[in-house]
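Novice: Contents are compact mmCIF, C-alpha atoms (C1' of nucleotides); file name entry28.txt:
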# COMPACT_ATOMS: atom_id res chain seq x y z
CA MET A 20 -19.90 10.53 30.21
CA LYS A 21 -20.74 11.07 26.59
CA GLU A 22 -24.08 11.43 24.91
CA THR A 23 -22.98 10.92 21.38
CA ILE A 24 -25.90 10.94 19.03
CA SER A 25 -24.19 9.18 16.20
CA THR A 26 -25.63 9.70 12.76
CA HIS A 27 -22.99 7.36 11.46
CA SER A 28 -24.51 3.99 12.08
CA SER A 29 -24.32 3.63 8.31
CA ILE A 30 -20.56 4.13 8.08
CA ASN A 31 -18.53 1.06 8.83
CA LEU A 32 -15.47 -0.66 7.50
CA GLN A 33 -17.45 -3.58 6.10
CA ASP A 34 -19.66 -1.38 3.94
CA PRO A 35 -19.23 -2.71 0.38
CA ASP A 36 -19.15 0.83 -0.96
CA VAL A 37 -16.31 1.78 1.35
CA ILE A 38 -14.42 -1.39 0.56
CA ARG A 39 -14.93 -0.99 -3.17
CA THR A 40 -13.75 2.61 -3.16
CA ALA A 41 -10.64 1.73 -1.19
CA GLU A 42 -9.94 -1.18 -3.50
CA ILE A 43 -10.09 0.96 -6.62
CA ALA A 44 -8.08 3.76 -5.04
CA LYS A 45 -5.45 1.32 -3.88
CA ALA A 46 -5.10 0.02 -7.42
CA LEU A 47 -4.50 3.60 -8.55
CA GLY A 48 -2.12 4.22 -5.68
CA HIS A 49 1.17 3.63 -7.43
CA PRO A 50 2.87 5.80 -10.07
CA ALA A 51 3.46 2.82 -12.37
CA ARG A 52 -0.21 1.93 -12.40
CA VAL A 53 -1.31 5.51 -12.99
CA ALA A 54 1.14 5.66 -15.87
CA ILE A 55 -0.19 2.40 -17.30
CA LEU A 56 -3.73 3.78 -17.22
CA LYS A 57 -2.57 6.90 -19.01
CA ILE A 58 -0.86 4.81 -21.66
CA LEU A 59 -3.95 2.68 -22.16
CA THR A 60 -6.09 5.79 -22.37
CA GLY A 61 -4.05 7.45 -25.06
CA GLN A 62 -3.44 4.52 -27.38
CA ASN A 63 -4.86 1.34 -28.70
CA THR A 64 -1.58 -0.45 -28.29
CA CYS A 65 -2.53 -2.44 -25.25
CA PHE A 66 0.15 -5.12 -25.10
CA CYS A 67 2.29 -5.76 -22.08
CA GLY A 68 5.40 -5.49 -24.20
CA ASP A 69 4.48 -2.01 -25.38
CA ILE A 70 4.21 -0.83 -21.80
CA THR A 71 7.46 -2.51 -20.90
CA GLU A 72 9.15 -0.42 -23.57
CA ILE A 73 7.70 2.82 -22.27
CA LEU A 74 8.22 2.40 -18.55
CA PRO A 75 11.62 1.69 -16.99
CA LEU A 76 10.48 -1.44 -15.19
CA ALA A 77 11.10 -5.14 -15.70
CA GLN A 78 8.56 -7.17 -17.66
CA SER A 79 7.64 -9.17 -14.59
CA THR A 80 6.99 -5.99 -12.64
CA ILE A 81 4.73 -4.54 -15.35
CA SER A 82 2.87 -7.84 -15.46
CA GLN A 83 2.37 -7.65 -11.71
CA HIS A 84 0.95 -4.14 -11.95
CA LEU A 85 -1.34 -5.16 -14.80
CA LYS A 86 -2.60 -7.99 -12.65
CA ALA A 87 -3.38 -5.57 -9.83
CA LEU A 88 -5.30 -3.25 -12.15
CA LYS A 89 -7.23 -6.17 -13.58
CA LYS A 90 -8.08 -7.54 -10.15
CA ALA A 91 -9.52 -4.15 -9.20
CA GLY A 92 -11.65 -4.18 -12.33
CA LEU A 93 -9.98 -1.14 -13.88
CA ILE A 94 -8.73 -2.95 -16.96
CA SER A 95 -9.49 -6.06 -18.93
CA GLY A 96 -6.90 -8.42 -20.39
CA GLU A 97 -7.74 -10.71 -23.25
CA VAL A 98 -5.37 -13.22 -24.74
CA ASP A 99 -4.78 -12.50 -28.40
CA GLY A 100 -2.52 -15.16 -29.78
CA VAL A 101 0.83 -14.99 -28.10
CA ARG A 102 0.09 -11.62 -26.60
CA THR A 103 -2.45 -10.24 -24.18
CA CYS A 104 -4.43 -7.17 -25.05
CA TYR A 105 -5.11 -4.86 -22.12
CA CYS A 106 -7.86 -2.29 -22.17
CA LEU A 107 -9.46 0.19 -19.80
CA LYS A 108 -12.74 -0.85 -18.24
CA PRO A 109 -15.04 2.17 -18.02
CA ASP A 110 -17.15 0.65 -15.24
CA GLY A 111 -14.35 0.56 -12.70
CA ILE A 112 -13.19 4.07 -13.46
CA GLN A 113 -16.78 5.21 -13.16
CA ASP A 114 -17.12 3.62 -9.72
CA LEU A 115 -14.40 5.76 -8.24
CA ASN A 116 -15.44 8.80 -10.20
CA ASP A 117 -18.93 8.50 -8.75
CA PHE A 118 -17.66 8.43 -5.20
CA LEU A 119 -15.42 11.43 -5.74
CA SER A 120 -18.10 13.46 -7.47
CA LYS A 121 -20.39 12.80 -4.55
CA LEU A 122 -17.67 13.70 -2.09
CA SER A 123 -16.88 16.88 -3.96
CA SER A 124 -20.49 17.95 -4.08
CA ASP A 125 -20.85 17.34 -0.36
CA LEU A 126 -17.93 19.59 0.44
CA MET A 127 -20.25 22.54 0.70
CA SER A 128 -21.51 21.24 4.01
CA THR A 129 -20.03 23.25 6.83
CA CYS A 130 -17.09 21.87 8.75
CA CYS A 131 -14.61 23.89 10.83
CA MET B 7 14.23 -5.41 -34.36
CA LYS B 8 11.51 -2.99 -33.36
CA GLU B 9 10.57 0.32 -34.84
CA THR B 10 8.47 1.65 -32.06
CA ILE B 11 7.29 5.13 -32.73
CA SER B 12 6.47 6.04 -29.17
CA THR B 13 4.02 8.82 -28.63
CA HIS B 14 4.55 8.42 -24.93
CA SER B 15 7.68 10.39 -24.33
CA SER B 16 5.49 12.46 -22.05
CA ILE B 17 4.50 9.60 -19.78
CA ASN B 18 7.04 8.75 -17.15
CA LEU B 19 7.12 7.77 -13.53
CA GLN B 20 8.65 11.08 -12.45
CA ASP B 21 5.85 13.16 -13.95
CA PRO B 22 4.52 15.27 -11.05
CA ASP B 23 0.96 14.71 -12.25
CA VAL B 24 1.40 10.95 -12.17
CA ILE B 25 3.07 11.07 -8.78
CA ARG B 26 0.41 13.38 -7.37
CA THR B 27 -2.44 11.22 -8.59
CA ALA B 28 -0.86 8.08 -7.14
CA GLU B 29 -0.22 9.85 -3.87
CA ILE B 30 -3.84 10.92 -3.48
CA ALA B 31 -5.19 7.56 -4.58
CA LYS B 32 -2.89 5.79 -2.17
CA ALA B 33 -4.23 7.93 0.66
CA LEU B 34 -7.74 6.83 -0.31
CA GLY B 35 -6.63 3.23 -0.65
CA HIS B 36 -7.71 1.92 2.73
CA PRO B 37 -11.23 1.33 4.02
CA ALA B 38 -10.54 3.19 7.26
CA ARG B 39 -9.45 6.30 5.39
CA VAL B 40 -12.40 6.19 3.03
CA ALA B 41 -14.67 5.89 6.06
CA ILE B 42 -12.96 8.83 7.74
CA LEU B 43 -13.53 10.98 4.66
CA LYS B 44 -17.18 9.99 4.63
CA ILE B 45 -17.51 10.90 8.29
CA LEU B 46 -15.84 14.26 7.73
CA THR B 47 -18.07 14.91 4.75
CA GLY B 48 -21.31 14.26 6.59
CA GLN B 49 -20.66 16.12 9.81
CA ASN B 50 -18.96 19.05 11.34
CA THR B 51 -17.72 16.98 14.25
CA CYS B 52 -14.17 16.69 13.12
CA PHE B 53 -12.36 15.52 16.23
CA CYS B 54 -10.17 12.49 16.36
CA GLY B 55 -12.10 11.19 19.34
CA ASP B 56 -15.38 11.30 17.46
CA ILE B 57 -13.93 9.12 14.74
CA THR B 58 -12.46 6.76 17.29
CA GLU B 59 -15.97 6.21 18.64
CA ILE B 60 -17.40 5.45 15.23
CA LEU B 61 -14.75 3.16 13.82
CA PRO B 62 -13.60 -0.02 15.58
CA LEU B 63 -9.95 0.94 15.64
CA ALA B 64 -7.56 2.07 18.34
CA GLN B 65 -6.99 5.77 18.84
CA SER B 66 -3.40 5.48 17.74
CA THR B 67 -4.47 3.78 14.54
CA ILE B 68 -7.03 6.47 13.72
CA SER B 69 -4.39 9.08 14.40
CA GLN B 70 -2.06 7.33 11.98
CA HIS B 71 -4.70 7.30 9.25
CA LEU B 72 -5.49 10.95 9.84
CA LYS B 73 -1.82 11.72 9.46
CA ALA B 74 -1.74 9.90 6.12
CA LEU B 75 -4.77 11.82 4.84
CA LYS B 76 -3.25 15.09 5.99
CA LYS B 77 0.09 14.32 4.36
CA ALA B 78 -1.69 13.71 1.06
CA GLY B 79 -3.42 17.06 1.38
CA LEU B 80 -6.92 15.59 1.59
CA ILE B 81 -7.68 16.98 5.03
CA SER B 82 -6.48 19.74 7.32
CA GLY B 83 -5.97 19.41 11.03
CA GLU B 84 -5.99 22.42 13.29
CA VAL B 85 -5.34 22.33 16.98
CA ASP B 86 -8.31 23.68 18.88
CA GLY B 87 -7.48 23.73 22.55
CA VAL B 88 -7.02 20.21 23.77
CA ARG B 89 -8.44 18.69 20.63
CA THR B 90 -7.59 18.76 16.93
CA CYS B 91 -10.22 19.67 14.40
CA TYR B 92 -10.01 17.77 11.14
CA CYS B 93 -11.64 18.96 7.98
CA LEU B 94 -11.80 18.00 4.33
CA LYS B 95 -9.61 19.98 1.95
CA PRO B 96 -11.48 20.52 -1.30
CA ASP B 97 -8.29 21.12 -3.30
CA GLY B 98 -6.93 17.63 -2.80
CA ILE B 99 -10.22 15.95 -3.58
CA GLN B 100 -10.46 18.10 -6.68
CA ASP B 101 -7.00 17.02 -7.85
CA LEU B 102 -7.99 13.40 -8.06
CA ASN B 103 -11.43 14.20 -9.37
CA ASP B 104 -9.86 16.14 -12.22
CA PHE B 105 -7.67 13.24 -13.24
CA LEU B 106 -10.56 10.80 -13.18
CA SER B 107 -12.88 13.06 -15.11
CA LYS B 108 -10.23 13.42 -17.77
CA LEU B 109 -9.64 9.68 -17.82
CA SER B 110 -13.35 9.00 -18.07
CA SER B 111 -13.80 11.40 -20.93
CA ASP B 112 -10.89 9.85 -22.77
CA LEU B 113 -12.42 6.40 -22.58
CA MET B 114 -14.17 6.98 -25.86
CA SER B 115 -10.88 6.54 -27.67
CA THR B 116 -10.79 3.16 -29.31
CA CYS B 117 -8.91 0.33 -27.68
CA CYS B 118 -9.54 -3.37 -28.25
C1' DA C 1 9.95 -31.15 -34.24
C1' DT C 2 12.65 -27.10 -32.95
C1' DA C 3 13.08 -22.39 -32.16
C1' DT C 4 11.20 -17.94 -31.07
C1' DT C 5 8.12 -14.70 -29.03
C1' DT C 6 5.11 -13.02 -25.40
C1' DA C 7 3.56 -12.74 -20.96
C1' DA C 8 2.49 -15.13 -16.58
C1' DT C 9 4.30 -17.07 -12.54
C1' DC C 10 7.87 -18.41 -9.04
C1' DG C 11 11.25 -17.41 -5.65
C1' DT C 12 13.19 -13.97 -3.00
C1' DA C 13 15.01 -9.73 -0.89
C1' DT C 14 13.82 -5.21 0.54
C1' DT C 15 10.85 -1.91 2.06
C1' DA C 16 6.25 -0.11 3.48
C1' DT C 17 1.87 -0.58 5.77
C1' DT C 18 -1.06 -1.67 9.37
C1' DA C 19 -2.42 -2.35 13.99
C1' DC C 20 -1.90 -2.23 18.80
C1' DG C 21 -0.57 -0.85 23.62
C1' DA C 22 2.30 2.29 26.08
C1' DT C 23 4.14 6.64 26.61
C1' DT C 24 4.47 11.51 25.98
C1' DA C 25 3.07 16.34 25.57
C1' DG C 26 0.05 20.10 25.80
C1' DA C 27 -4.42 22.29 27.24
C1' DG C 28 -7.73 23.00 30.44
C1' DT C 29 -9.63 22.05 35.30
C1' DC C 30 -9.72 21.58 40.29
C1' DG D 12 0.69 22.27 41.82
C1' DA D 13 -1.89 17.79 40.80
C1' DC D 14 -5.34 15.82 37.72
C1' DT D 15 -7.79 14.92 33.48
C1' DC D 16 -8.58 14.88 28.75
C1' DT D 17 -7.13 14.69 23.93
C1' DA D 18 -4.27 13.35 20.46
C1' DA D 19 0.47 12.58 18.75
C1' DT D 20 4.33 9.65 18.84
C1' DC D 21 7.15 5.52 20.04
C1' DG D 22 8.18 0.73 19.85
C1' DT D 23 7.08 -3.41 17.82
C1' DA D 24 5.02 -7.42 15.50
C1' DA D 25 2.65 -9.13 11.58
C1' DT D 26 1.44 -8.63 7.00
C1' DA D 27 1.54 -6.63 2.31
C1' DA D 28 3.72 -4.43 -1.58
C1' DT D 29 7.41 -3.80 -4.73
C1' DA D 30 11.04 -5.06 -7.76
C1' DC D 31 13.98 -8.16 -10.01
C1' DG D 32 15.89 -12.33 -12.45
C1' DA D 33 14.76 -16.95 -13.65
C1' DT D 34 11.59 -20.12 -15.16
C1' DT D 35 7.47 -21.73 -17.32
C1' DA D 36 3.75 -22.13 -20.68
C1' DA D 37 1.37 -21.28 -24.74
C1' DA D 38 1.20 -19.60 -29.50
C1' DT D 39 3.43 -19.03 -33.68
C1' DA D 40 7.11 -19.49 -37.08
C1' DT D 41 10.86 -22.03 -39.35
What is this structure when it is put down as structure tokens?
Specialist:
Amino acid sequence: MKETISTHSSINLQDPDVIRTAEIAKALGHPARVAILKILTGQNTCFCGDITEILPLAQSTISQHLKALKKAGLISGEVDGVRTCYCLKPDGIQDLNDFLSKLSSDLMSTCC
Amino acid sequence: MKETISTHSSINLQDPDVIRTAEIAKALGHPARVAILKILTGQNTCFCGDITEILPLAQSTISQHLKALKKAGLISGEVDGVRTCYCLKPDGIQDLNDFLSKLSSDLMSTCC
DNA sequence: ATATTTAATCGTATTATTACGATTAGAGTC
DNA sequence: GACTCTAATCGTAATAATACGATTAAATAT
């Protein structure tokens, strides 16, 4: 017999915030995609081909990773002639940053 | 013929920083694990059973997710009698937070 | 029009993740 | 000792992710 007074009625797996955070984190959850973000951060050479030259992965694989980052809203990709110009999207990065800042600040609360 | 002057000799997939960031993000990359972190943040009830009552997942599944979070260094798990007490690990959260803060601050650099 | 360049998509094989029920193992209780 | 409670692990099925080469499509150049 349990008398659990749950204060967690607000935490569920369908919560858009939870889903959004997981989505962004998942997009970041592969070394190739972290590396791509770093490359995009440091330079204004945002073409797929440039990344293909830097990372030891096939063009189709890079393209797949770019697609994943774009789907998660972390980067934009605009066609520029025969190429596509990829660019970081501050909003998406901010989303995850917000969650983590909040989490970090809450860490003061006692546990164990 | 290309004359790429790469300034990215420092970015590679074996870079421990890149690998670490991806590892942490991957651990966060599932709604159940984000929810678990939120639960651990808000309360000092850190037992597996408590989480099992809050989230609509089997005990074995929760246990699996806890294992993943622990492996990534985001939580600790200490046996306390018949139970195990789980707790957020500030260091791991900070690792990812650091990367994202840096990324965010770099977003000012021109691109597209 | 033909050829070239760039990047997306297709097809596919391999591996990893996710979820569950069942079982196991250890701690505490009767 | 037998019993209960908690949580880890096992076994397994279904799904997703990853990587590659090959192909396609669109833009540009010759």
Novice: What's the 8 Å shell around Asp114 (chain A), counting all atoms listed in the file, without same-chain residues fewer than 4 positions away, as JSON, numbers by chain?
Specialist: {"A": [40, 110, 118]}
Novice: Got a sec to align chain B on chain A by every in-order Cα pair and hand back the fitted coordinates as a short mmCIF file (atom, residue, chain, number, x, y, z; two decimals) with C-alpha atoms, in the frame of the given file?
Specialist:
data_model
loop_
_atom_site.label_atom_id
_atom_site.label_comp_id
_atom_site.auth_asym_id
_atom_site.auth_seq_id
_atom_site.Cartn_x
_atom_site.Cartn_y
_atom_site.Cartn_z
CA MET B 7 -19.80 10.21 30.34
CA LYS B 8 -20.66 10.86 26.72
CA GLU B 9 -24.00 11.21 25.06
CA THR B 10 -22.96 10.79 21.51
CA ILE B 11 -25.88 10.82 19.18
CA SER B 12 -24.18 9.15 16.27
CA THR B 13 -25.64 9.72 12.87
CA HIS B 14 -23.02 7.41 11.48
CA SER B 15 -24.49 4.02 12.09
CA SER B 16 -24.33 3.68 8.33
CA ILE B 17 -20.58 4.18 8.07
CA ASN B 18 -18.55 1.11 8.79
CA LEU B 19 -15.49 -0.61 7.48
CA GLN B 20 -17.47 -3.53 6.07
CA ASP B 21 -19.68 -1.32 3.90
CA PRO B 22 -19.24 -2.67 0.35
CA ASP B 23 -19.17 0.88 -1.01
CA VAL B 24 -16.33 1.83 1.31
CA ILE B 25 -14.44 -1.35 0.53
CA ARG B 26 -14.96 -0.93 -3.20
CA THR B 27 -13.77 2.65 -3.21
CA ALA B 28 -10.65 1.77 -1.22
CA GLU B 29 -9.96 -1.15 -3.51
CA ILE B 30 -10.09 0.99 -6.64
CA ALA B 31 -8.10 3.80 -5.08
CA LYS B 32 -5.48 1.36 -3.89
CA ALA B 33 -5.11 0.05 -7.43
CA LEU B 34 -4.49 3.62 -8.58
CA GLY B 35 -2.12 4.24 -5.69
CA HIS B 36 1.17 3.65 -7.45
CA PRO B 37 2.87 5.80 -10.08
CA ALA B 38 3.47 2.83 -12.37
CA ARG B 39 -0.21 1.94 -12.40
CA VAL B 40 -1.30 5.51 -12.99
CA ALA B 41 1.15 5.65 -15.89
CA ILE B 42 -0.19 2.40 -17.30
CA LEU B 43 -3.73 3.77 -17.23
CA LYS B 44 -2.57 6.89 -19.02
CA ILE B 45 -0.86 4.79 -21.67
CA LEU B 46 -3.96 2.66 -22.15
CA THR B 47 -6.10 5.76 -22.37
CA GLY B 48 -4.04 7.41 -25.08
CA GLN B 49 -3.45 4.49 -27.39
CA ASN B 50 -4.88 1.32 -28.71
CA THR B 51 -1.59 -0.49 -28.31
CA CYS B 52 -2.52 -2.44 -25.26
CA PHE B 53 0.15 -5.12 -25.08
CA CYS B 54 2.26 -5.77 -22.07
CA GLY B 55 5.40 -5.51 -24.17
CA ASP B 56 4.49 -2.03 -25.35
CA ILE B 57 4.21 -0.85 -21.78
CA THR B 58 7.47 -2.53 -20.87
CA GLU B 59 9.17 -0.44 -23.55
CA ILE B 60 7.72 2.79 -22.25
CA LEU B 61 8.22 2.38 -18.53
CA PRO B 62 11.62 1.67 -16.97
CA LEU B 63 10.50 -1.46 -15.17
CA ALA B 64 11.10 -5.16 -15.68
CA GLN B 65 8.56 -7.17 -17.61
CA SER B 66 7.64 -9.17 -14.56
CA THR B 67 6.99 -5.99 -12.62
CA ILE B 68 4.74 -4.55 -15.32
CA SER B 69 2.89 -7.84 -15.42
CA GLN B 70 2.38 -7.64 -11.67
CA HIS B 71 0.95 -4.13 -11.92
CA LEU B 72 -1.33 -5.15 -14.75
CA LYS B 73 -2.59 -7.98 -12.61
CA ALA B 74 -3.38 -5.55 -9.79
CA LEU B 75 -5.29 -3.23 -12.13
CA LYS B 76 -7.20 -6.17 -13.56
CA LYS B 77 -8.07 -7.52 -10.12
CA ALA B 78 -9.52 -4.13 -9.19
CA GLY B 79 -11.64 -4.19 -12.33
CA LEU B 80 -9.98 -1.14 -13.88
CA ILE B 81 -8.72 -2.96 -16.96
CA SER B 82 -9.48 -6.11 -18.92
CA GLY B 83 -6.90 -8.43 -20.36
CA GLU B 84 -7.71 -10.73 -23.23
CA VAL B 85 -5.34 -13.23 -24.71
CA ASP B 86 -4.79 -12.52 -28.37
CA GLY B 87 -2.56 -15.19 -29.80
CA VAL B 88 0.83 -14.97 -28.21
CA ARG B 89 0.13 -11.63 -26.63
CA THR B 90 -2.41 -10.25 -24.16
CA CYS B 91 -4.42 -7.18 -25.03
CA TYR B 92 -5.11 -4.87 -22.12
CA CYS B 93 -7.85 -2.31 -22.16
CA LEU B 94 -9.45 0.17 -19.81
CA LYS B 95 -12.74 -0.86 -18.23
CA PRO B 96 -15.02 2.15 -18.02
CA ASP B 97 -17.15 0.64 -15.24
CA GLY B 98 -14.35 0.57 -12.70
CA ILE B 99 -13.19 4.08 -13.48
CA GLN B 100 -16.78 5.22 -13.19
CA ASP B 101 -17.13 3.64 -9.74
CA LEU B 102 -14.42 5.78 -8.27
CA ASN B 103 -15.46 8.81 -10.24
CA ASP B 104 -18.94 8.52 -8.80
CA PHE B 105 -17.67 8.46 -5.24
CA LEU B 106 -15.45 11.47 -5.79
CA SER B 107 -18.12 13.49 -7.52
CA LYS B 108 -20.42 12.83 -4.60
CA LEU B 109 -17.70 13.74 -2.13
CA SER B 110 -16.90 16.91 -4.02
CA SER B 111 -20.51 17.99 -4.13
CA ASP B 112 -20.87 17.36 -0.42
CA LEU B 113 -17.96 19.63 0.40
CA MET B 114 -20.30 22.56 0.68
CA SER B 115 -21.53 21.23 4.00
CA THR B 116 -20.04 23.26 6.79
CA CYS B 117 -17.08 21.94 8.70
CA CYS B 118 -14.57 24.04 10.64
#
Novice: Which chain B residues are at most 9 Å from chain D (counting only C-alpha atoms (C1' of nucleotides)), as a PyMOL selection string?
Specialist: chain B and resi 54-55+65-66+69-70+88-90
Novice: Pull out every residue of chain B sitting within 8 Å of chain A, counting only C-alpha atoms, and send them as a PyMOL selection string.
Specialist: chain B and resi 12+14-15+17-19+24-25+27-38+40-41+44-52+60-61+91-94+96+99-100+103+106-107+109-110+112-113+115-118
Novice: I need the contact residues of chain C against chain B, so if you could list those with any atom within 9 Å, counting only C-alpha atoms (C1' of nucleotides), and return them as an mmCIF file with C-alpha atoms (C1' of nucleotides), in the frame of the given file, that would help.
Specialist:
data_model
loop_
_atom_site.group_PDB
_atom_site.id
_atom_site.type_symbol
_atom_site.label_atom_id
_atom_site.label_comp_id
_atom_site.auth_asym_id
_atom_site.auth_seq_id
_atom_site.Cartn_x
_atom_site.Cartn_y
_atom_site.Cartn_z
ATOM 1 C "C1'" DT C 18 -1.060 -1.670 9.370
ATOM 2 C "C1'" DA C 19 -2.420 -2.350 13.990
ATOM 3 C "C1'" DC C 20 -1.900 -2.230 18.800
ATOM 4 C "C1'" DG C 26 0.050 20.100 25.800
ATOM 5 C "C1'" DA C 27 -4.420 22.290 27.240
ATOM 6 C "C1'" DG C 28 -7.730 23.000 30.440
#
Novice: Which value, in Å to one decimal, gives the distance between CA of Phe53 (chain B) and CA of Lys73 (chain B)?
Specialist: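 Computing it gives 13.1 Å between the two atoms.
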Novice: Provide the CA of Gly111 (chain A) to CA of Val98 (chain A) distance in Å, to one decimal place.
Specialist: 20.4 Å
Novice: Provide the C1' of DT9 (chain C) to CA of Leu88 (chain A) distance in Å, to one decimal place.
Specialist: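 Straight-line distance from C1' of DT9 (chain C) to CA of Leu88 (chain A) works out to 16.8 Å.
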